[in-house]
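Visitor: First the structure, which I've put down as structure tokens, then a few questions once you've had a look.
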Amino acid sequence: MTRVAVVSGGTRGIGAAIAKALKAVGYQVAVTYHGNDEAAQKFNAETGVHVFKWDVSNYDACVEGLAKIGAAVGPVDVLINNAGITRDGMLHKMTPDQWYAVINTNLNSLFNMCRPVIEGMRERNFGRIINISSINGQKGQMGQTNYSAAKAGDIGFTKALAQENASKGVTVNTICPGYIATEMVLAVPKEIIQKSILPQIPVRRLGAPEEIARCVVFLASDEAGFITGSTLSANGGQYMM
Ligand code: CAA
């Protein structure tokens with residue numbers, strides 16, 4: 001039986017690596033994206049993975065989009081909530097738009113994406129939900145009150161949903177990547193990466209997207225059925241809890 005996996009924000013960065021890794025081990029994969037049509041077309045041409053465009057911060061768009069995926073690819077067995085944005089700035093300079101954009105995309109999206117698929121997973125007695133949080137949701141990060149709050153919220157959401165669905169064969173876990181070499185991290189000013197971030201990472205390098213994808217493949221597998229509500233840190237030793 002081929003399982004169906006959906007990866008939000010799956011055409012670039014960590015999401016693209018996750019989508020490719022799941023495809024490589026035999027899943028039928030569909031990904032969502034929001035803004036970058038060119039990257040999405042390129043990803044689709046390279047991988048053959050189904051690509052769907054909608055805004056995960058919009059509940060109705062998620063209901064509609066996930067129904068389309070259900071019709072085109074099949075019922076969702078594995079959901080990876082990966083889509084995320086940053087709007088960094090010190091709180092004393094942050095605008096309400098910066099705050100709400102990050103909370104809506106990085107936290108409210110978990111409700112928007114899980115709510116339409118959770119009943120089906122419960123009925124079929126199988127599901128895997130993997131939420132991509134961040135080291136900065138665990139430890140807090142200056143310049144990221146919005147992002148740290150949302151990512152910490154993702155961890156609480158995971159633990160509650162895991163308890164609700166454990167008896168139904170549905171596991172819910174969080175992965176907390178550290179600083180991974182993606183466009184998002186490389187958008188941080190170079191001197192801050194060199195001077196402030198790299199010295200805090202004991203392995204002395206940024207992570208690779210594929211290193212997060214491997215964690216996802218493991219948590220999505222049938223063999224990981226006893227792991228639920230957990231938080232898996234992959235951060236080069238930068239933060240241990
Ligand atoms: N770690 C440690 N120190 C940091 C830092 C960081 N991540 N970011 C900034 N600082 C330090 C700066 O080095 C600077 O120190 P000095 O005064 O000693 O030079 C001080 O904080 C003030 O920084 P700025 O002069 O840049 O202040 P600003 O108001 O112009 O900008 C900022 C503030 C927007 C927060 C900017 O510094 C910034 O973008 N920082 C990066 C924040 C960050 O780490 N974001 C993570 C993005 S990647 C991500 O989110 C993915 C993930 O999940 C890990």
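Ordering of the structure tokens sets the chain letters (A, B, ...); residue numbers start at 1 within each chain; ligands are numbered from 1 in the order shown.
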Where does DSSP see strand (DSSP E) in chain A, if you list the residues as a PyMOL selection string?

Guide: chain A and resi 4-7+28-33+50-53+78-81+127-132+170-177+231-234

Visitor: Enumerate residues in contact with ligand 1: an atom-to-atom distance of at most 8 Å, counting only C-alpha atoms and all ligand atoms. Format the result as a PyMOL selection string.

Guide: chain A and resi 85-86+88-90+93+133-137+141-144+147+176-180+184-189+191-193+195-197

Visitor: Keeping N, CA, C and O atoms for every residue in the selection just given, could you write it to a file as a short mmCIF file (atom, residue, chain, number, x, y, z; two decimals), in the first residue's frame?

Guide:
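New file out-v6.cif:
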```cif
data_model
loop_
_atom_site.label_atom_id
_atom_site.label_comp_id
_atom_site.auth_asym_id
_atom_site.auth_seq_id
_atom_site.Cartn_x
_atom_site.Cartn_y
_atom_site.Cartn_z
N ILE A 85 7.64 31.18 8.12
CA ILE A 85 8.27 32.43 7.68
C ILE A 85 8.95 33.09 8.88
O ILE A 85 8.65 32.77 10.03
N THR A 86 9.85 34.02 8.59
CA THR A 86 10.39 34.89 9.65
C THR A 86 10.09 36.34 9.29
O THR A 86 10.04 36.70 8.10
N ASP A 88 11.87 38.96 11.37
CA ASP A 88 12.67 39.27 12.56
C ASP A 88 12.71 40.76 12.87
O ASP A 88 12.72 41.61 11.98
N GLY A 89 12.80 41.06 14.13
CA GLY A 89 12.95 42.44 14.60
C GLY A 89 12.79 42.45 16.11
O GLY A 89 12.08 41.61 16.67
N MET A 90 13.50 43.38 16.77
CA MET A 90 13.33 43.49 18.22
C MET A 90 11.88 43.91 18.51
O MET A 90 11.29 44.67 17.74
N LYS A 93 10.73 47.33 18.08
CA LYS A 93 10.61 47.88 16.72
C LYS A 93 9.58 47.11 15.89
O LYS A 93 9.33 47.45 14.74
N SER A 133 9.11 22.58 14.12
CA SER A 133 9.24 23.76 14.98
C SER A 133 10.64 24.31 14.77
O SER A 133 11.13 24.37 13.64
N SER A 134 11.32 24.67 15.84
CA SER A 134 12.65 25.27 15.71
C SER A 134 13.35 25.29 17.06
O SER A 134 12.70 25.39 18.11
N ILE A 135 14.66 25.27 17.03
CA ILE A 135 15.45 25.50 18.23
C ILE A 135 15.01 26.81 18.92
O ILE A 135 15.04 26.92 20.14
N ASN A 136 14.57 27.76 18.11
CA ASN A 136 14.23 29.06 18.69
C ASN A 136 12.88 29.07 19.40
O ASN A 136 12.58 29.97 20.17
N GLY A 137 12.09 28.02 19.16
CA GLY A 137 10.89 27.80 19.96
C GLY A 137 11.22 27.16 21.29
O GLY A 137 10.46 27.24 22.26
N GLN A 141 14.80 33.43 21.04
CA GLN A 141 15.87 34.05 20.26
C GLN A 141 15.62 35.55 20.16
O GLN A 141 14.53 35.98 19.79
N MET A 142 16.64 36.31 20.53
CA MET A 142 16.48 37.77 20.40
C MET A 142 16.13 38.11 18.95
O MET A 142 16.63 37.48 18.02
N GLY A 143 15.24 39.07 18.78
CA GLY A 143 14.81 39.44 17.43
C GLY A 143 13.68 38.58 16.90
O GLY A 143 13.25 38.75 15.77
N GLN A 144 13.22 37.62 17.72
CA GLN A 144 12.21 36.67 17.22
C GLN A 144 11.11 36.38 18.26
O GLN A 144 10.75 35.23 18.46
N TYR A 147 8.40 34.64 16.22
CA TYR A 147 8.77 33.30 15.75
C TYR A 147 8.95 32.34 16.93
O TYR A 147 8.48 31.20 16.89
N CYS A 176 12.66 19.88 15.99
CA CYS A 176 13.21 21.22 16.18
C CYS A 176 14.56 21.33 15.49
O CYS A 176 15.59 20.98 16.09
N PRO A 177 14.57 21.81 14.25
CA PRO A 177 15.87 22.01 13.60
C PRO A 177 16.59 23.19 14.24
O PRO A 177 15.97 24.15 14.72
N GLY A 178 17.91 23.10 14.23
CA GLY A 178 18.71 24.27 14.57
C GLY A 178 18.89 25.11 13.32
O GLY A 178 18.00 25.20 12.48
N TYR A 179 20.05 25.72 13.19
CA TYR A 179 20.31 26.59 12.04
C TYR A 179 20.73 25.73 10.84
O TYR A 179 21.79 25.12 10.85
N ILE A 180 19.86 25.68 9.84
CA ILE A 180 20.04 24.84 8.65
C ILE A 180 20.34 25.76 7.46
O ILE A 180 19.77 26.85 7.37
N MET A 184 16.13 30.82 4.35
CA MET A 184 15.66 31.53 5.54
C MET A 184 16.83 31.91 6.45
O MET A 184 16.93 33.05 6.91
N VAL A 185 17.70 30.98 6.69
CA VAL A 185 18.84 31.26 7.59
C VAL A 185 19.86 32.14 6.88
O VAL A 185 20.43 33.07 7.48
N LEU A 186 20.07 31.89 5.59
CA LEU A 186 21.08 32.67 4.88
C LEU A 186 20.62 34.11 4.65
O LEU A 186 21.42 34.97 4.25
N ALA A 187 19.34 34.39 4.96
CA ALA A 187 18.86 35.78 4.89
C ALA A 187 19.31 36.58 6.11
O ALA A 187 19.26 37.81 6.12
N VAL A 188 19.76 35.90 7.15
CA VAL A 188 20.31 36.59 8.33
C VAL A 188 21.62 37.24 7.89
O VAL A 188 22.41 36.60 7.18
N PRO A 189 21.86 38.50 8.29
CA PRO A 189 23.09 39.16 7.86
C PRO A 189 24.32 38.28 8.12
O PRO A 189 24.44 37.64 9.18
N GLU A 191 27.39 38.74 8.77
CA GLU A 191 28.29 38.93 9.93
C GLU A 191 27.64 38.39 11.20
O GLU A 191 28.33 37.95 12.12
N ILE A 192 26.30 38.37 11.26
CA ILE A 192 25.62 37.80 12.44
C ILE A 192 25.78 36.27 12.43
O ILE A 192 26.05 35.66 13.46
N ILE A 193 25.68 35.67 11.23
CA ILE A 193 25.89 34.21 11.15
C ILE A 193 27.32 33.88 11.61
O ILE A 193 27.53 33.01 12.45
N LYS A 195 29.58 35.83 13.30
CA LYS A 195 30.05 36.32 14.60
C LYS A 195 29.20 35.77 15.75
O LYS A 195 29.72 35.45 16.82
N SER A 196 27.89 35.64 15.54
CA SER A 196 27.01 35.32 16.66
C SER A 196 26.45 33.91 16.62
O SER A 196 26.18 33.32 17.66
N ILE A 197 26.21 33.37 15.43
CA ILE A 197 25.49 32.09 15.38
C ILE A 197 26.45 30.90 15.32
O ILE A 197 26.39 30.01 16.16
#
```

Visitor: Step one, run DSSP on the backbone; step two, keep only residues of region 51-193 of chain A assigned to alpha helix (DSSP H); then write them as an mmCIF file with N, CA and C atoms, in the first residue's frame.

Guide:
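And here is the file that came out, states-v2.cif:
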```cif
data_model
loop_
_atom_site.group_PDB
_atom_site.id
_atom_site.type_symbol
_atom_site.label_atom_id
_atom_site.label_comp_id
_atom_site.auth_asym_id
_atom_site.auth_seq_id
_atom_site.Cartn_x
_atom_site.Cartn_y
_atom_site.Cartn_z
ATOM 1 N N TYR A 59 -7.774 29.129 6.832
ATOM 2 C CA TYR A 59 -8.431 27.845 7.119
ATOM 3 C C TYR A 59 -9.217 27.315 5.914
ATOM 4 N N ASP A 60 -10.033 28.178 5.293
ATOM 5 C CA ASP A 60 -10.850 27.707 4.172
ATOM 6 C C ASP A 60 -9.979 27.218 3.019
ATOM 7 N N ALA A 61 -8.860 27.907 2.806
ATOM 8 C CA ALA A 61 -7.945 27.490 1.732
ATOM 9 C C ALA A 61 -7.361 26.114 2.040
ATOM 10 N N CYS A 62 -7.098 25.842 3.315
ATOM 11 C CA CYS A 62 -6.558 24.522 3.695
ATOM 12 C C CYS A 62 -7.603 23.427 3.479
ATOM 13 N N VAL A 63 -8.846 23.704 3.872
ATOM 14 C CA VAL A 63 -9.916 22.715 3.681
ATOM 15 C C VAL A 63 -10.037 22.381 2.198
ATOM 16 N N GLU A 64 -10.086 23.432 1.386
ATOM 17 C CA GLU A 64 -10.254 23.248 -0.058
ATOM 18 C C GLU A 64 -9.034 22.545 -0.674
ATOM 19 N N GLY A 65 -7.844 23.003 -0.297
ATOM 20 C CA GLY A 65 -6.618 22.442 -0.873
ATOM 21 C C GLY A 65 -6.426 20.982 -0.490
ATOM 22 N N LEU A 66 -6.685 20.659 0.771
ATOM 23 C CA LEU A 66 -6.505 19.269 1.205
ATOM 24 C C LEU A 66 -7.549 18.354 0.558
ATOM 25 N N ALA A 67 -8.746 18.889 0.300
ATOM 26 C CA ALA A 67 -9.755 18.089 -0.412
ATOM 27 C C ALA A 67 -9.281 17.810 -1.839
ATOM 28 N N LYS A 68 -8.657 18.801 -2.452
ATOM 29 C CA LYS A 68 -8.118 18.597 -3.817
ATOM 30 C C LYS A 68 -7.044 17.518 -3.812
ATOM 31 N N ILE A 69 -6.178 17.568 -2.816
ATOM 32 C CA ILE A 69 -5.118 16.552 -2.731
ATOM 33 C C ILE A 69 -5.751 15.178 -2.509
ATOM 34 N N GLY A 70 -6.766 15.134 -1.629
ATOM 35 C CA GLY A 70 -7.464 13.866 -1.380
ATOM 36 C C GLY A 70 -8.011 13.283 -2.671
ATOM 37 N N ALA A 71 -8.600 14.127 -3.511
ATOM 38 C CA ALA A 71 -9.201 13.653 -4.764
ATOM 39 C C ALA A 71 -8.128 13.258 -5.778
ATOM 40 N N ALA A 72 -7.051 14.021 -5.840
ATOM 41 C CA ALA A 72 -6.038 13.793 -6.880
ATOM 42 C C ALA A 72 -5.046 12.698 -6.498
ATOM 43 N N PRO A 96 2.608 45.299 14.277
ATOM 44 C CA PRO A 96 1.578 44.252 14.392
ATOM 45 C C PRO A 96 1.578 43.310 13.175
ATOM 46 N N ASP A 97 1.847 43.835 11.988
ATOM 47 C CA ASP A 97 1.877 42.962 10.800
ATOM 48 C C ASP A 97 2.954 41.891 10.919
ATOM 49 N N GLN A 98 4.134 42.268 11.419
ATOM 50 C CA GLN A 98 5.219 41.281 11.597
ATOM 51 C C GLN A 98 4.790 40.199 12.590
ATOM 52 N N TRP A 99 4.130 40.634 13.657
ATOM 53 C CA TRP A 99 3.672 39.692 14.689
ATOM 54 C C TRP A 99 2.639 38.714 14.119
ATOM 55 N N TYR A 100 1.571 39.258 13.553
ATOM 56 C CA TYR A 100 0.463 38.393 13.121
ATOM 57 C C TYR A 100 0.842 37.505 11.937
ATOM 58 N N ALA A 101 1.678 38.008 11.036
ATOM 59 C CA ALA A 101 2.079 37.186 9.877
ATOM 60 C C ALA A 101 2.752 35.906 10.365
ATOM 61 N N VAL A 102 3.638 36.040 11.343
ATOM 62 C CA VAL A 102 4.388 34.873 11.816
ATOM 63 C C VAL A 102 3.498 33.941 12.636
ATOM 64 N N ILE A 103 2.659 34.508 13.504
ATOM 65 C CA ILE A 103 1.767 33.649 14.303
ATOM 66 C C ILE A 103 0.782 32.908 13.386
ATOM 67 N N SER A 109 -1.495 27.810 11.304
ATOM 68 C CA SER A 109 -1.498 26.846 10.186
ATOM 69 C C SER A 109 -1.612 25.404 10.686
ATOM 70 N N LEU A 110 -1.146 25.133 11.889
ATOM 71 C CA LEU A 110 -1.223 23.744 12.384
ATOM 72 C C LEU A 110 -2.677 23.345 12.603
ATOM 73 N N PHE A 111 -3.461 24.254 13.174
ATOM 74 C CA PHE A 111 -4.899 23.978 13.275
ATOM 75 C C PHE A 111 -5.494 23.830 11.873
ATOM 76 N N ASN A 112 -5.157 24.783 11.003
ATOM 77 C CA ASN A 112 -5.770 24.824 9.669
ATOM 78 C C ASN A 112 -5.489 23.563 8.847
ATOM 79 N N MET A 113 -4.299 23.007 9.025
ATOM 80 C CA MET A 113 -3.914 21.831 8.234
ATOM 81 C C MET A 113 -4.334 20.518 8.905
ATOM 82 N N CYS A 114 -4.276 20.479 10.233
ATOM 83 C CA CYS A 114 -4.602 19.217 10.928
ATOM 84 C C CYS A 114 -6.106 18.978 11.001
ATOM 85 N N ARG A 115 -6.854 20.045 11.217
ATOM 86 C CA ARG A 115 -8.311 19.871 11.417
ATOM 87 C C ARG A 115 -8.983 19.133 10.259
ATOM 88 N N PRO A 116 -8.667 19.470 8.992
ATOM 89 C CA PRO A 116 -9.341 18.770 7.892
ATOM 90 C C PRO A 116 -8.918 17.321 7.710
ATOM 91 N N VAL A 117 -7.756 16.906 8.217
ATOM 92 C CA VAL A 117 -7.303 15.521 7.952
ATOM 93 C C VAL A 117 -7.419 14.597 9.163
ATOM 94 N N ILE A 118 -7.614 15.161 10.359
ATOM 95 C CA ILE A 118 -7.501 14.324 11.554
ATOM 96 C C ILE A 118 -8.632 13.293 11.652
ATOM 97 N N GLU A 119 -9.830 13.681 11.231
ATOM 98 C CA GLU A 119 -10.935 12.712 11.332
ATOM 99 C C GLU A 119 -10.695 11.492 10.445
ATOM 100 N N GLY A 120 -10.177 11.717 9.244
ATOM 101 C CA GLY A 120 -9.878 10.605 8.330
ATOM 102 C C GLY A 120 -8.808 9.699 8.904
ATOM 103 N N MET A 121 -7.768 10.298 9.486
ATOM 104 C CA MET A 121 -6.703 9.483 10.087
ATOM 105 C C MET A 121 -7.279 8.624 11.210
ATOM 106 N N ARG A 122 -8.138 9.204 12.037
ATOM 107 C CA ARG A 122 -8.735 8.453 13.154
ATOM 108 C C ARG A 122 -9.596 7.303 12.625
ATOM 109 N N GLU A 123 -10.355 7.584 11.578
ATOM 110 C CA GLU A 123 -11.222 6.528 11.022
ATOM 111 C C GLU A 123 -10.409 5.377 10.453
ATOM 112 N N ARG A 124 -9.284 5.705 9.827
ATOM 113 C CA ARG A 124 -8.447 4.667 9.194
ATOM 114 C C ARG A 124 -7.454 4.042 10.175
ATOM 115 N N ILE A 135 14.659 25.268 17.027
ATOM 116 C CA ILE A 135 15.454 25.503 18.234
ATOM 117 C C ILE A 135 15.014 26.805 18.915
ATOM 118 N N ASN A 136 14.575 27.760 18.107
ATOM 119 C CA ASN A 136 14.231 29.064 18.691
ATOM 120 C C ASN A 136 12.876 29.068 19.396
ATOM 121 N N GLY A 137 12.088 28.016 19.156
ATOM 122 C CA GLY A 137 10.886 27.804 19.962
ATOM 123 C C GLY A 137 11.223 27.160 21.294
ATOM 124 N N GLN A 138 12.376 26.506 21.360
ATOM 125 C CA GLN A 138 12.799 25.859 22.611
ATOM 126 C C GLN A 138 13.538 26.841 23.514
ATOM 127 N N LYS A 139 14.426 27.636 22.922
ATOM 128 C CA LYS A 139 15.302 28.453 23.764
ATOM 129 C C LYS A 139 14.981 29.946 23.715
ATOM 130 N N THR A 145 10.585 37.404 18.912
ATOM 131 C CA THR A 145 9.489 37.123 19.850
ATOM 132 C C THR A 145 8.330 36.456 19.119
ATOM 133 N N ASN A 146 8.050 36.922 17.905
ATOM 134 C CA ASN A 146 6.947 36.344 17.120
ATOM 135 C C ASN A 146 7.235 34.884 16.769
ATOM 136 N N TYR A 147 8.401 34.642 16.219
ATOM 137 C CA TYR A 147 8.774 33.303 15.746
ATOM 138 C C TYR A 147 8.949 32.339 16.926
ATOM 139 N N SER A 148 9.613 32.784 17.971
ATOM 140 C CA SER A 148 9.829 31.911 19.133
ATOM 141 C C SER A 148 8.492 31.537 19.772
ATOM 142 N N ALA A 149 7.570 32.498 19.850
ATOM 143 C CA ALA A 149 6.251 32.214 20.430
ATOM 144 C C ALA A 149 5.499 31.199 19.578
ATOM 145 N N ALA A 150 5.514 31.398 18.275
ATOM 146 C CA ALA A 150 4.790 30.479 17.389
ATOM 147 C C ALA A 150 5.396 29.083 17.457
ATOM 148 N N LYS A 151 6.720 29.011 17.412
ATOM 149 C CA LYS A 151 7.381 27.706 17.378
ATOM 150 C C LYS A 151 7.243 26.972 18.723
ATOM 151 N N ALA A 152 7.229 27.719 19.818
ATOM 152 C CA ALA A 152 6.955 27.099 21.125
ATOM 153 C C ALA A 152 5.514 26.597 21.147
ATOM 154 N N GLY A 153 4.614 27.353 20.562
ATOM 155 C CA GLY A 153 3.209 26.939 20.461
ATOM 156 C C GLY A 153 3.066 25.649 19.679
ATOM 157 N N ASP A 154 3.876 25.479 18.657
ATOM 158 C CA ASP A 154 3.819 24.241 17.852
ATOM 159 C C ASP A 154 4.118 23.018 18.727
ATOM 160 N N ILE A 155 5.022 23.199 19.686
ATOM 161 C CA ILE A 155 5.396 22.072 20.548
ATOM 162 C C ILE A 155 4.227 21.717 21.477
ATOM 163 N N GLY A 156 3.580 22.700 22.045
ATOM 164 C CA GLY A 156 2.418 22.448 22.906
ATOM 165 C C GLY A 156 1.274 21.819 22.130
ATOM 166 N N PHE A 157 1.044 22.332 20.938
ATOM 167 C CA PHE A 157 0.002 21.779 20.051
ATOM 168 C C PHE A 157 0.264 20.290 19.816
ATOM 169 N N THR A 158 1.512 19.970 19.509
ATOM 170 C CA THR A 158 1.897 18.581 19.224
ATOM 171 C C THR A 158 1.573 17.684 20.409
ATOM 172 N N LYS A 159 1.954 18.126 21.600
ATOM 173 C CA LYS A 159 1.779 17.268 22.780
ATOM 174 C C LYS A 159 0.298 17.022 23.074
ATOM 175 N N ALA A 160 -0.523 18.044 22.888
ATOM 176 C CA ALA A 160 -1.963 17.883 23.140
ATOM 177 C C ALA A 160 -2.595 16.965 22.089
ATOM 178 N N LEU A 161 -2.262 17.212 20.829
ATOM 179 C CA LEU A 161 -2.870 16.411 19.756
ATOM 180 C C LEU A 161 -2.396 14.952 19.840
ATOM 181 N N ALA A 162 -1.160 14.760 20.276
ATOM 182 C CA ALA A 162 -0.636 13.392 20.432
ATOM 183 C C ALA A 162 -1.478 12.623 21.448
ATOM 184 N N GLN A 163 -1.816 13.273 22.551
ATOM 185 C CA GLN A 163 -2.625 12.596 23.580
ATOM 186 C C GLN A 163 -4.016 12.271 23.059
ATOM 187 N N GLU A 164 -4.582 13.197 22.282
ATOM 188 C CA GLU A 164 -5.946 12.987 21.779
ATOM 189 C C GLU A 164 -6.045 11.796 20.834
ATOM 190 N N ASN A 165 -4.929 11.478 20.131
ATOM 191 C CA ASN A 165 -5.026 10.512 19.035
ATOM 192 C C ASN A 165 -4.174 9.259 19.192
ATOM 193 N N GLU A 183 17.506 29.227 2.519
ATOM 194 C CA GLU A 183 17.348 30.666 2.221
ATOM 195 C C GLU A 183 16.963 31.441 3.473
ATOM 196 N N MET A 184 16.134 30.817 4.347
ATOM 197 C CA MET A 184 15.662 31.528 5.541
ATOM 198 C C MET A 184 16.827 31.913 6.454
ATOM 199 N N VAL A 185 17.705 30.980 6.692
ATOM 200 C CA VAL A 185 18.835 31.263 7.593
ATOM 201 C C VAL A 185 19.862 32.137 6.881
ATOM 202 N N LEU A 186 20.066 31.885 5.591
ATOM 203 C CA LEU A 186 21.079 32.667 4.876
ATOM 204 C C LEU A 186 20.619 34.111 4.646
ATOM 205 N N LYS A 190 25.198 38.240 7.086
ATOM 206 C CA LYS A 190 26.352 37.326 7.094
ATOM 207 C C LYS A 190 27.204 37.475 8.347
ATOM 208 N N GLU A 191 27.391 38.740 8.770
ATOM 209 C CA GLU A 191 28.285 38.931 9.929
ATOM 210 C C GLU A 191 27.636 38.392 11.204
ATOM 211 N N ILE A 192 26.298 38.371 11.261
ATOM 212 C CA ILE A 192 25.624 37.797 12.440
ATOM 213 C C ILE A 192 25.784 36.273 12.428
#
```

Visitor: Between A:Ala30, A:Val170, A:Ile14, A:Ala39, which residue has the minimum interatomic distance to Phe52 (chain A), considering only C-alpha atoms?

Guide: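 Among the listed residues, the smallest separation from Phe52 (chain A) belongs to A:Ala30.
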
Visitor: Go ahead and compute the interatomic distance for CA of Ile80 (chain A) and CA of Met240 (chain A), in Å to one decimal.

Guide: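 CA of Met240 (chain A) lies 23.6 Å from CA of Ile80 (chain A).
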
Visitor: Find the nearest atom pair between each residue of region 98-188 of chain A and region 16-29 of chain A for residues within 12 Å, count only C-alpha atoms, give distances in Å to one decimal, sort rows by chain and ascending number, and present the table as CSV.

Guide:
```
residue,atom,partner,partner_atom,distance
A:Ile130,CA,A:Ile18,CA,11.1
A:Ile132,CA,A:Ile18,CA,10.8
A:Ile180,CA,A:Ala17,CA,11.7
A:Ala181,CA,A:Ala17,CA,11.8
A:Thr182,CA,A:Ala17,CA,10.6
```

Visitor: Could you jot down the CA of Met94 (chain A) to CA of Gly9 (chain A) separation for me, Å, one decimal place?

Guide: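 Calculated distance between CA of Met94 (chain A) and CA of Gly9 (chain A) is 24.6 Å.
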
Visitor: Return the single residue from A:Tyr33, A:Phe126, A:Phe43, A:Phe218 that is closest to Lys168 (chain A), with distances computed using only C-alpha atoms.

Guide: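 That would be A:Phe126, the residue with the smallest distance to Lys168 (chain A).
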
Visitor: Grab the CA of Asn44 (chain A) to CA of Thr32 (chain A) distance for me, in Å with one decimal place.

Guide: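 Distance reported for this atom pair: 11.1 Å.
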
Visitor: Using only C-alpha atoms, can you tell me which of A:Asn81, A:Phe226, A:Gly13, A:Asn106 comes closest to Ala208 (chain A)?

Guide: A:Gly13

Visitor: So which one's closest to Ala224 (chain A), A:Asn173, A:Gln200, A:Gln194, A:Asn125? Using only C-alpha atoms, please.

Guide: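 Nearest to Ala224 (chain A): A:Asn173.
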
Visitor: Calculated over only C-alpha atoms, which of the candidates A:Asn131, A:Ala234, A:Val56, A:Leu79 has the smallest distance to Leu206 (chain A)?

Guide: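 For Leu206 (chain A), the nearest of the given residues is A:Ala234.
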